[in-house]
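Asks: Below you will find the structure I want to go over with you.
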Amino acid sequence: MLKILLIVGDGMADRPIKELHGKTPLEVASKPNIDELASRSALGLWDPLGPGLRPGSDTAHLALFGYDPRRYYPGRGPFEALGVGAELRPGEVALRGNFATVDDNLIVIDRRAGRSLPENPELVKYLNDNIQHVDGVEVRFYSATEHRVAVVLRGSALSADVSDTDPHEVGVKVLQSKALCDDEKAIKTANVINKLTLLTYKLLKDHPLNLKRIENGLPPANIILFRGAGQMSYIPKLSERGDIILNKYLAISATALVIGVAKSVGFDVITPPGVTGGINTNLSSKAESAIQALKGDYELVYLHVKGTDAASHDGNLEAKIKMIEQIDGMIGKIIDNIDLGSTIVAITADHATPIYVRDHTGDPVPLAIYSPFIICDGIKSFSERSARRGSLGRLRSVDLMHTLLDQANRIRKYGA
Ligand code: ZN
Ligand code: ZN
């Protein structure tokens, strides 16, 4: 059986760009290592969800890992919570939250409490120390980056069919969470969220750290606004699936949402030192981690680079091209240090994030699969355009993971 290294430039695929004379960032970036590997690979296109469907990074990653998002996607909340350290069992409800600033009448003044919030972990600890249950439902907060948190509701008969308390704008009152269907579980969950919201305000408004923030002219983090409820579903781990032969697999990422998806299907996860998930991330330490993992007993290593997507959302063409060139350097370092006689290397994106759209689109993304036993197409570059000529054609959703596992002789026969 072969090992598999799967490398994704998040949102790396693009559309022709006028300033680049109709070329894409992948076509103009200098990427000798990727192009060399592509010349020894089979190329093709991949539709993360399906033609024309615009994926989130979470649904795209579920498909990438071999899970039909329509069947397994629990919503963003549970994946974000998993990504910041929560343990989640099926049936539990997770929401994303913001520390925010409200006035005495609960009118929202700042949805992010100034965004920079070094007090976040300490305030989260304070909330956890002082709130254990609401109406018999266990409550647990988890600190995330800047002003962000996740909250997990643990109890029987919960539902994620509830609306946000975050009004998503300033100058209006904090919303009441409402049941989105006539269901007792949803009504109960909405009540818990509303009580919890008021409780966070009561506990936070006179907290010494907030009084200090006010003294320093900073907006106090005096409430938590909730959004994006999702109920954890049962997702079998890759190692538990009868159709796949895989025991130890590792994801390397710094992005909570991606880490959450990876954990939900059983990946071990590491965030190497210096890795930020932004465009100034340390890709050399990612390369080092991938090399070590493949030298050890990991059978599948997933390597995620977020910077290409961050640059695309910012509309920063130069940064996107530079990021692709950095990814090329990272890949060069890796392939110089692993055994290409026993390792499959696949390069793709989780979706396109075209610079001029500044958001994800439903375009197919380019895909290259190197394997010592694959019939290569002899196409000497890797791009949205060149991949159209490849022998893999157009793979859809879970097809990609199945193709990799099959190449590695890690998939079981269907039928006799
Ligand atoms: Zn993405
Ligand atoms: Zn994105």
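In the structure tokens, each chain is lettered A, B, ... as it comes, each chain's residues begin at 1, and ligands are numbered from 1 in order of appearance.
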Report as a PyMOL selection string: the residues of region 53-171 of chain A with a DSSP assignment of alpha helix (DSSP H), based on the backbone of this structure.
Replies: chain A and resi 57-64+69-72+76-83+120-130
Asks: Which residues are near ligand 1 in this structure, taking near to mean any atom at most 7 Å from a ligand atom and counting only C-alpha atoms and all ligand atoms? Format them as a list in words.
Replies: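 Written in the requested form, the residues are Asp10, Gly11, Gly56, Ser57, Asp309, Asp350 and His351 of chain A.
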Asks: Could you save those same residues with N, CA and C atoms as an mmCIF file, in the first residue's frame?
Replies:
data_model
loop_
_atom_site.group_PDB
_atom_site.id
_atom_site.type_symbol
_atom_site.label_atom_id
_atom_site.label_comp_id
_atom_site.auth_asym_id
_atom_site.auth_seq_id
_atom_site.Cartn_x
_atom_site.Cartn_y
_atom_site.Cartn_z
ATOM 1 N N ASP A 10 -5.989 26.726 -0.445
ATOM 2 C CA ASP A 10 -7.388 27.121 -0.235
ATOM 3 C C ASP A 10 -7.755 28.252 -1.207
ATOM 4 N N GLY A 11 -8.815 28.052 -1.967
ATOM 5 C CA GLY A 11 -9.267 29.096 -2.896
ATOM 6 C C GLY A 11 -8.247 29.454 -3.963
ATOM 7 N N GLY A 56 -18.598 26.202 0.677
ATOM 8 C CA GLY A 56 -17.844 26.753 1.788
ATOM 9 C C GLY A 56 -16.591 25.913 1.944
ATOM 10 N N SER A 57 -15.618 26.408 2.704
ATOM 11 C CA SER A 57 -14.431 25.589 2.933
ATOM 12 C C SER A 57 -14.796 24.309 3.690
ATOM 13 N N ASP A 309 -6.534 31.806 -0.185
ATOM 14 C CA ASP A 309 -7.940 32.211 -0.033
ATOM 15 C C ASP A 309 -8.035 33.580 0.632
ATOM 16 N N ASP A 350 -9.586 23.700 -2.638
ATOM 17 C CA ASP A 350 -10.888 23.244 -2.112
ATOM 18 C C ASP A 350 -12.048 23.917 -2.843
ATOM 19 N N HIS A 351 -11.737 24.971 -3.591
ATOM 20 C CA HIS A 351 -12.725 25.669 -4.422
ATOM 21 C C HIS A 351 -11.975 26.802 -5.084
#
Asks: Could you give me, as a tab-separated table, every chain A residue with an atom at most 12 Å from ligand 2, plus its closest atom pair and distance in Å to one decimal, counting only C-alpha atoms and all ligand atoms, rows ordered by chain then number?
Replies:
residue	atom	partner	partner_atom_place_in_ligand_line	distance
A:Gly9	CA	ligand 2	1 (Zn)	10.9
A:Asp10	CA	ligand 2	1 (Zn)	7.3
A:Gly11	CA	ligand 2	1 (Zn)	6.3
A:Met12	CA	ligand 2	1 (Zn)	9.8
A:Ala13	CA	ligand 2	1 (Zn)	11.5
A:Arg54	CA	ligand 2	1 (Zn)	10.8
A:Pro55	CA	ligand 2	1 (Zn)	9.2
A:Gly56	CA	ligand 2	1 (Zn)	7.1
A:Ser57	CA	ligand 2	1 (Zn)	6.4
A:Asp58	CA	ligand 2	1 (Zn)	9.8
A:Thr59	CA	ligand 2	1 (Zn)	11.8
A:Ala60	CA	ligand 2	1 (Zn)	10.8
A:Thr255	CA	ligand 2	1 (Zn)	11.0
A:Leu257	CA	ligand 2	1 (Zn)	10.8
A:Val258	CA	ligand 2	1 (Zn)	11.1
A:Gly277	CA	ligand 2	1 (Zn)	11.5
A:Gly278	CA	ligand 2	1 (Zn)	11.6
A:Val305	CA	ligand 2	1 (Zn)	11.6
A:Lys306	CA	ligand 2	1 (Zn)	8.3
A:Gly307	CA	ligand 2	1 (Zn)	9.7
A:Thr308	CA	ligand 2	1 (Zn)	8.9
A:Asp309	CA	ligand 2	1 (Zn)	5.1
A:Ala310	CA	ligand 2	1 (Zn)	6.6
A:Ala311	CA	ligand 2	1 (Zn)	9.3
A:Ser312	CA	ligand 2	1 (Zn)	7.8
A:His313	CA	ligand 2	1 (Zn)	6.5
A:Asp314	CA	ligand 2	1 (Zn)	10.0
A:Gly315	CA	ligand 2	1 (Zn)	11.6
A:Ala349	CA	ligand 2	1 (Zn)	11.2
A:Asp350	CA	ligand 2	1 (Zn)	9.4
A:His351	CA	ligand 2	1 (Zn)	8.5
A:Ala352	CA	ligand 2	1 (Zn)	8.8
A:Thr353	CA	ligand 2	1 (Zn)	6.7
A:Pro354	CA	ligand 2	1 (Zn)	10.1
A:Ile355	CA	ligand 2	1 (Zn)	11.1
A:Val357	CA	ligand 2	1 (Zn)	11.1
A:Arg358	CA	ligand 2	1 (Zn)	8.4
A:Asp359	CA	ligand 2	1 (Zn)	6.2
A:His360	CA	ligand 2	1 (Zn)	6.1
A:Thr361	CA	ligand 2	1 (Zn)	9.8
Asks: Mind dumping the selected residues with C-alpha atoms as a PDB file, in the first residue's frame?
Replies:
ATOM      1  CA  GLY A   9      -4.156  25.750  -1.693  1.00  0.00           C
ATOM      2  CA  ASP A  10      -7.388  27.121  -0.235  1.00  0.00           C
ATOM      3  CA  GLY A  11      -9.267  29.096  -2.896  1.00  0.00           C
ATOM      4  CA  MET A  12      -6.186  28.853  -5.144  1.00  0.00           C
ATOM      5  CA  ALA A  13      -8.132  28.413  -8.412  1.00  0.00           C
ATOM      6  CA  ARG A  54     -20.458  27.361  -4.539  1.00  0.00           C
ATOM      7  CA  PRO A  55     -18.811  25.537  -1.635  1.00  0.00           C
ATOM      8  CA  GLY A  56     -17.844  26.753   1.788  1.00  0.00           C
ATOM      9  CA  SER A  57     -14.431  25.589   2.933  1.00  0.00           C
ATOM     10  CA  ASP A  58     -16.232  23.218   5.306  1.00  0.00           C
ATOM     11  CA  THR A  59     -18.498  21.469   2.785  1.00  0.00           C
ATOM     12  CA  ALA A  60     -15.624  21.358   0.276  1.00  0.00           C
ATOM     13  CA  THR A 255      -7.624  27.228  10.224  1.00  0.00           C
ATOM     14  CA  LEU A 257     -12.960  25.475  10.408  1.00  0.00           C
ATOM     15  CA  VAL A 258     -10.713  23.099   8.457  1.00  0.00           C
ATOM     16  CA  GLY A 277      -3.438  30.681   8.368  1.00  0.00           C
ATOM     17  CA  GLY A 278      -2.703  34.096   6.831  1.00  0.00           C
ATOM     18  CA  VAL A 305      -2.556  26.383   3.082  1.00  0.00           C
ATOM     19  CA  LYS A 306      -5.085  29.151   3.743  1.00  0.00           C
ATOM     20  CA  GLY A 307      -3.135  32.186   2.456  1.00  0.00           C
ATOM     21  CA  THR A 308      -4.314  31.907  -1.161  1.00  0.00           C
ATOM     22  CA  ASP A 309      -7.940  32.211  -0.033  1.00  0.00           C
ATOM     23  CA  ALA A 310      -7.179  35.093   2.343  1.00  0.00           C
ATOM     24  CA  ALA A 311      -5.447  37.010  -0.482  1.00  0.00           C
ATOM     25  CA  SER A 312      -8.389  36.293  -2.815  1.00  0.00           C
ATOM     26  CA  HIS A 313     -11.021  37.570  -0.373  1.00  0.00           C
ATOM     27  CA  ASP A 314      -8.914  40.727  -0.046  1.00  0.00           C
ATOM     28  CA  GLY A 315      -8.754  41.075  -3.840  1.00  0.00           C
ATOM     29  CA  ALA A 349      -7.785  23.614  -4.290  1.00  0.00           C
ATOM     30  CA  ASP A 350     -10.888  23.244  -2.112  1.00  0.00           C
ATOM     31  CA  HIS A 351     -12.725  25.669  -4.422  1.00  0.00           C
ATOM     32  CA  ALA A 352     -12.009  28.667  -6.622  1.00  0.00           C
ATOM     33  CA  THR A 353     -11.913  32.105  -5.003  1.00  0.00           C
ATOM     34  CA  PRO A 354     -11.526  34.395  -8.026  1.00  0.00           C
ATOM     35  CA  ILE A 355      -9.815  37.692  -7.252  1.00  0.00           C
ATOM     36  CA  VAL A 357     -15.411  37.850  -7.165  1.00  0.00           C
ATOM     37  CA  ARG A 358     -13.674  37.986  -3.771  1.00  0.00           C
ATOM     38  CA  ASP A 359     -15.686  34.958  -2.752  1.00  0.00           C
ATOM     39  CA  HIS A 360     -15.966  31.266  -3.505  1.00  0.00           C
ATOM     40  CA  THR A 361     -17.412  30.227  -6.856  1.00  0.00           C
TER      41      THR A 361
END
Asks: So that I can check the surroundings of Thr145 (chain A), please list as number ranges by chain every protein, DNA and RNA residue that reaches within 10 Å of it, counting only C-alpha atoms and ignoring chain neighbours fewer than 2 positions away.
Replies: A: 84, 115-118, 120-121, 143, 147-149, 256
Asks: Please determine, counting only C-alpha atoms, which residue among A:Ile245, A:Leu62, A:Leu26, A:Ala81 has the shortest atom-to-atom distance to Phe382 (chain A).
Replies: A:Leu26
Asks: For Asp399 (chain A), work out the shell of residues within 10 Å, counting only C-alpha atoms and skipping chain neighbours fewer than 3 positions away, then give it as an mmCIF file with N, CA, C and O atoms, in the first residue's frame.
Replies:
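Saved to around_22.cif:
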data_model
loop_
_atom_site.group_PDB
_atom_site.id
_atom_site.type_symbol
_atom_site.label_atom_id
_atom_site.label_comp_id
_atom_site.auth_asym_id
_atom_site.auth_seq_id
_atom_site.Cartn_x
_atom_site.Cartn_y
_atom_site.Cartn_z
ATOM 1 N N TRP A 46 -11.728 19.050 -10.679
ATOM 2 C CA TRP A 46 -12.523 18.511 -9.577
ATOM 3 C C TRP A 46 -13.617 19.516 -9.217
ATOM 4 O O TRP A 46 -13.335 20.708 -9.054
ATOM 5 N N ASP A 47 -14.835 19.031 -9.114
ATOM 6 C CA ASP A 47 -15.947 19.843 -8.616
ATOM 7 C C ASP A 47 -16.166 19.483 -7.155
ATOM 8 O O ASP A 47 -16.683 18.403 -6.853
ATOM 9 N N PRO A 48 -15.796 20.360 -6.222
ATOM 10 C CA PRO A 48 -15.904 20.011 -4.797
ATOM 11 C C PRO A 48 -17.315 19.549 -4.423
ATOM 12 O O PRO A 48 -17.468 18.582 -3.674
ATOM 13 N N ALA A 63 -16.242 16.873 1.346
ATOM 14 C CA ALA A 63 -16.179 16.148 0.074
ATOM 15 C C ALA A 63 -14.748 15.691 -0.208
ATOM 16 O O ALA A 63 -14.517 14.537 -0.604
ATOM 17 N N LEU A 64 -13.791 16.577 0.042
ATOM 18 C CA LEU A 64 -12.381 16.257 -0.172
ATOM 19 C C LEU A 64 -11.976 15.016 0.621
ATOM 20 O O LEU A 64 -11.239 14.156 0.134
ATOM 21 N N PHE A 65 -12.473 14.917 1.854
ATOM 22 C CA PHE A 65 -12.113 13.791 2.721
ATOM 23 C C PHE A 65 -12.961 12.541 2.444
ATOM 24 O O PHE A 65 -12.842 11.536 3.140
ATOM 25 N N GLY A 66 -13.876 12.632 1.472
ATOM 26 C CA GLY A 66 -14.626 11.447 1.065
ATOM 27 C C GLY A 66 -16.009 11.323 1.690
ATOM 28 O O GLY A 66 -16.548 10.223 1.802
ATOM 29 N N TYR A 67 -16.597 12.448 2.108
ATOM 30 C CA TYR A 67 -17.918 12.437 2.752
ATOM 31 C C TYR A 67 -18.887 13.335 1.982
ATOM 32 O O TYR A 67 -18.585 14.509 1.758
ATOM 33 N N ARG A 394 -13.255 15.103 -15.314
ATOM 34 C CA ARG A 394 -13.864 15.978 -14.312
ATOM 35 C C ARG A 394 -14.425 15.131 -13.180
ATOM 36 O O ARG A 394 -15.472 14.513 -13.308
ATOM 37 N N LEU A 395 -13.675 15.101 -12.083
ATOM 38 C CA LEU A 395 -14.116 14.335 -10.914
ATOM 39 C C LEU A 395 -15.078 15.181 -10.091
ATOM 40 O O LEU A 395 -15.004 16.402 -10.087
ATOM 41 N N ARG A 396 -15.953 14.478 -9.382
ATOM 42 C CA ARG A 396 -16.935 15.208 -8.597
ATOM 43 C C ARG A 396 -16.896 14.764 -7.128
ATOM 44 O O ARG A 396 -16.820 13.577 -6.847
ATOM 45 N N HIS A 402 -11.712 8.873 -3.288
ATOM 46 C CA HIS A 402 -11.768 7.476 -3.736
ATOM 47 C C HIS A 402 -10.669 7.172 -4.747
ATOM 48 O O HIS A 402 -10.040 6.110 -4.697
ATOM 49 N N THR A 403 -10.419 8.104 -5.654
ATOM 50 C CA THR A 403 -9.380 7.905 -6.672
ATOM 51 C C THR A 403 -8.002 7.782 -6.011
ATOM 52 O O THR A 403 -7.200 6.918 -6.372
ATOM 53 N N LEU A 404 -7.747 8.636 -5.017
ATOM 54 C CA LEU A 404 -6.463 8.585 -4.308
ATOM 55 C C LEU A 404 -6.307 7.264 -3.554
ATOM 56 O O LEU A 404 -5.262 6.609 -3.609
ATOM 57 N N LEU A 405 -7.365 6.876 -2.838
ATOM 58 C CA LEU A 405 -7.294 5.643 -2.049
ATOM 59 C C LEU A 405 -7.134 4.427 -2.958
ATOM 60 O O LEU A 405 -6.422 3.480 -2.638
#
Asks: With only C-alpha atoms as the basis for distance, which of A:Ala416, A:Leu250, A:Ala387, A:Ala262 is at the shortest distance from Ile4 (chain A)?
Replies: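 Of all the options, A:Leu250 lies closest to Ile4 (chain A).
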Asks: Could you make a table, as a Markdown table, of the residues of region 94-140 of chain A that have an atom within 7 Å of an atom of region 217-232 of chain A, each with its nearest atom pair and distance in Å to one decimal, counting only C-alpha atoms, in chain and number order?
Replies:
| residue | atom | partner | partner_atom | distance |
| --- | --- | --- | --- | --- |
| A:Ala94 | CA | A:Gly230 | CA | 5.5 |
| A:Leu95 | CA | A:Ala229 | CA | 4.4 |
| A:Arg96 | CA | A:Arg227 | CA | 5.4 |
| A:Gly97 | CA | A:Phe226 | CA | 4.5 |
| A:Asn98 | CA | A:Leu225 | CA | 5.3 |
| A:Phe99 | CA | A:Ile224 | CA | 4.7 |
| A:Ala100 | CA | A:Ala221 | CA | 5.2 |
| A:Thr101 | CA | A:Ala221 | CA | 5.4 |
| A:Val102 | CA | A:Asn222 | CA | 6.7 |
| A:Ala113 | CA | A:Ala221 | CA | 5.2 |
| A:Gly114 | CA | A:Pro219 | CA | 6.0 |
Asks: Taking only residues of region 62-138 of chain A that have an atom at most 8 Å from an atom of region 165-176 of chain A, what is each one's shortest atom pair and its distance in Å to one decimal, using only C-alpha atoms, in chain and number order, as a Markdown table?
Replies:
| residue | atom | partner | partner_atom | distance |
| --- | --- | --- | --- | --- |
| A:Asn105 | CA | A:Lys173 | CA | 7.5 |
| A:Leu106 | CA | A:Lys173 | CA | 5.5 |
| A:Ile107 | CA | A:Lys173 | CA | 4.1 |
| A:Val108 | CA | A:Val170 | CA | 5.0 |
| A:Ile109 | CA | A:Val170 | CA | 5.5 |
| A:Asp110 | CA | A:Val170 | CA | 6.3 |
| A:Arg111 | CA | A:Val170 | CA | 6.7 |
Asks: For a quick check of understanding, using only C-alpha atoms, which of A:Ile252, A:Val162, A:Val151, A:Leu82 has the smallest distance to Val124 (chain A)?
Replies: A:Val151
Asks: Can you pull out every residue within 10 Å of region 43-45 of chain A, counting only C-alpha atoms, but drop anything in the same chain fewer than 4 positions away, and send it as a ChimeraX atom specification?
Replies: /A:38-39,346-348,363-370,376-379,381-396,400
Asks: Output N, CA and C atoms for every residue in the selection just made, as an mmCIF file, in the first residue's frame.
Replies:
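Full text of result10.cif as output:
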data_model
loop_
_atom_site.group_PDB
_atom_site.id
_atom_site.type_symbol
_atom_site.label_atom_id
_atom_site.label_comp_id
_atom_site.auth_asym_id
_atom_site.auth_seq_id
_atom_site.Cartn_x
_atom_site.Cartn_y
_atom_site.Cartn_z
ATOM 1 N N ALA A 38 3.686 18.009 -11.919
ATOM 2 C CA ALA A 38 2.520 17.866 -12.811
ATOM 3 C C ALA A 38 2.893 17.078 -14.066
ATOM 4 N N SER A 39 4.109 17.281 -14.560
ATOM 5 C CA SER A 39 4.521 16.586 -15.793
ATOM 6 C C SER A 39 4.619 15.076 -15.572
ATOM 7 N N ALA A 346 -0.986 14.535 -4.323
ATOM 8 C CA ALA A 346 -2.060 15.206 -5.063
ATOM 9 C C ALA A 346 -2.078 16.680 -4.699
ATOM 10 N N ILE A 347 -2.261 17.520 -5.732
ATOM 11 C CA ILE A 347 -2.330 18.969 -5.515
ATOM 12 C C ILE A 347 -3.653 19.473 -6.086
ATOM 13 N N THR A 348 -4.379 20.258 -5.285
ATOM 14 C CA THR A 348 -5.628 20.834 -5.777
ATOM 15 C C THR A 348 -6.013 22.044 -4.920
ATOM 16 N N ASP A 363 -16.754 27.149 -9.857
ATOM 17 C CA ASP A 363 -15.889 26.670 -10.940
ATOM 18 C C ASP A 363 -15.200 25.375 -10.525
ATOM 19 N N PRO A 364 -14.945 24.471 -11.482
ATOM 20 C CA PRO A 364 -14.127 23.304 -11.144
ATOM 21 C C PRO A 364 -12.697 23.750 -10.869
ATOM 22 N N VAL A 365 -11.980 23.022 -10.039
ATOM 23 C CA VAL A 365 -10.601 23.398 -9.698
ATOM 24 C C VAL A 365 -9.634 22.396 -10.335
ATOM 25 N N PRO A 366 -8.404 22.861 -10.621
ATOM 26 C CA PRO A 366 -7.431 21.933 -11.217
ATOM 27 C C PRO A 366 -6.938 20.914 -10.196
ATOM 28 N N LEU A 367 -6.587 19.754 -10.704
ATOM 29 C CA LEU A 367 -6.153 18.650 -9.852
ATOM 30 C C LEU A 367 -5.003 17.923 -10.541
ATOM 31 N N ALA A 368 -3.947 17.649 -9.783
ATOM 32 C CA ALA A 368 -2.855 16.812 -10.306
ATOM 33 C C ALA A 368 -2.634 15.670 -9.335
ATOM 34 N N ILE A 369 -2.552 14.454 -9.859
ATOM 35 C CA ILE A 369 -2.245 13.298 -9.015
ATOM 36 C C ILE A 369 -0.968 12.639 -9.527
ATOM 37 N N TYR A 370 0.076 12.743 -8.689
ATOM 38 C CA TYR A 370 1.309 11.998 -8.980
ATOM 39 C C TYR A 370 1.248 10.667 -8.244
ATOM 40 N N CYS A 376 0.948 8.964 -16.610
ATOM 41 C CA CYS A 376 0.941 10.423 -16.573
ATOM 42 C C CYS A 376 0.568 10.985 -17.935
ATOM 43 N N ASP A 377 0.074 12.225 -17.908
ATOM 44 C CA ASP A 377 -0.437 12.841 -19.134
ATOM 45 C C ASP A 377 0.642 13.615 -19.890
ATOM 46 N N GLY A 378 1.785 13.836 -19.260
ATOM 47 C CA GLY A 378 2.849 14.592 -19.915
ATOM 48 C C GLY A 378 2.523 16.060 -20.128
ATOM 49 N N ILE A 379 1.604 16.585 -19.294
ATOM 50 C CA ILE A 379 1.279 18.018 -19.384
ATOM 51 C C ILE A 379 2.246 18.763 -18.458
ATOM 52 N N SER A 381 2.549 21.768 -17.168
ATOM 53 C CA SER A 381 2.242 22.845 -16.229
ATOM 54 C C SER A 381 0.956 22.517 -15.485
ATOM 55 N N PHE A 382 0.787 23.184 -14.354
ATOM 56 C CA PHE A 382 -0.408 22.947 -13.530
ATOM 57 C C PHE A 382 -1.223 24.231 -13.459
ATOM 58 N N SER A 383 -2.389 24.227 -14.079
ATOM 59 C CA SER A 383 -3.253 25.409 -14.007
ATOM 60 C C SER A 383 -4.684 25.000 -14.328
ATOM 61 N N GLU A 384 -5.595 25.970 -14.166
ATOM 62 C CA GLU A 384 -7.003 25.739 -14.484
ATOM 63 C C GLU A 384 -7.135 25.316 -15.946
ATOM 64 N N ARG A 385 -6.275 25.912 -16.823
ATOM 65 C CA ARG A 385 -6.375 25.651 -18.262
ATOM 66 C C ARG A 385 -5.757 24.300 -18.635
ATOM 67 N N SER A 386 -4.518 24.063 -18.155
ATOM 68 C CA SER A 386 -3.819 22.839 -18.555
ATOM 69 C C SER A 386 -4.549 21.600 -18.028
ATOM 70 N N ALA A 387 -5.174 21.748 -16.853
ATOM 71 C CA ALA A 387 -5.840 20.589 -16.240
ATOM 72 C C ALA A 387 -7.034 20.115 -17.070
ATOM 73 N N ARG A 388 -7.554 21.011 -17.914
ATOM 74 C CA ARG A 388 -8.687 20.625 -18.776
ATOM 75 C C ARG A 388 -8.305 19.566 -19.800
ATOM 76 N N ARG A 389 -7.017 19.442 -20.072
ATOM 77 C CA ARG A 389 -6.574 18.460 -21.072
ATOM 78 C C ARG A 389 -6.220 17.120 -20.439
ATOM 79 N N GLY A 390 -6.353 17.020 -19.114
ATOM 80 C CA GLY A 390 -5.866 15.837 -18.412
ATOM 81 C C GLY A 390 -6.797 14.635 -18.493
ATOM 82 N N SER A 391 -6.215 13.464 -18.250
ATOM 83 C CA SER A 391 -6.958 12.206 -18.410
ATOM 84 C C SER A 391 -7.937 11.925 -17.275
ATOM 85 N N LEU A 392 -7.807 12.637 -16.160
ATOM 86 C CA LEU A 392 -8.748 12.393 -15.061
ATOM 87 C C LEU A 392 -10.131 12.941 -15.382
ATOM 88 N N GLY A 393 -10.188 13.816 -16.384
ATOM 89 C CA GLY A 393 -11.484 14.387 -16.756
ATOM 90 C C GLY A 393 -12.003 15.288 -15.656
ATOM 91 N N ARG A 394 -13.255 15.103 -15.314
ATOM 92 C CA ARG A 394 -13.864 15.978 -14.312
ATOM 93 C C ARG A 394 -14.425 15.131 -13.180
ATOM 94 N N LEU A 395 -13.675 15.101 -12.083
ATOM 95 C CA LEU A 395 -14.116 14.335 -10.914
ATOM 96 C C LEU A 395 -15.078 15.181 -10.091
ATOM 97 N N ARG A 396 -15.953 14.478 -9.382
ATOM 98 C CA ARG A 396 -16.935 15.208 -8.597
ATOM 99 C C ARG A 396 -16.896 14.764 -7.128
ATOM 100 N N LEU A 400 -12.697 12.251 -5.694
ATOM 101 C CA LEU A 400 -11.265 12.543 -5.576
ATOM 102 C C LEU A 400 -10.614 11.652 -4.522
#
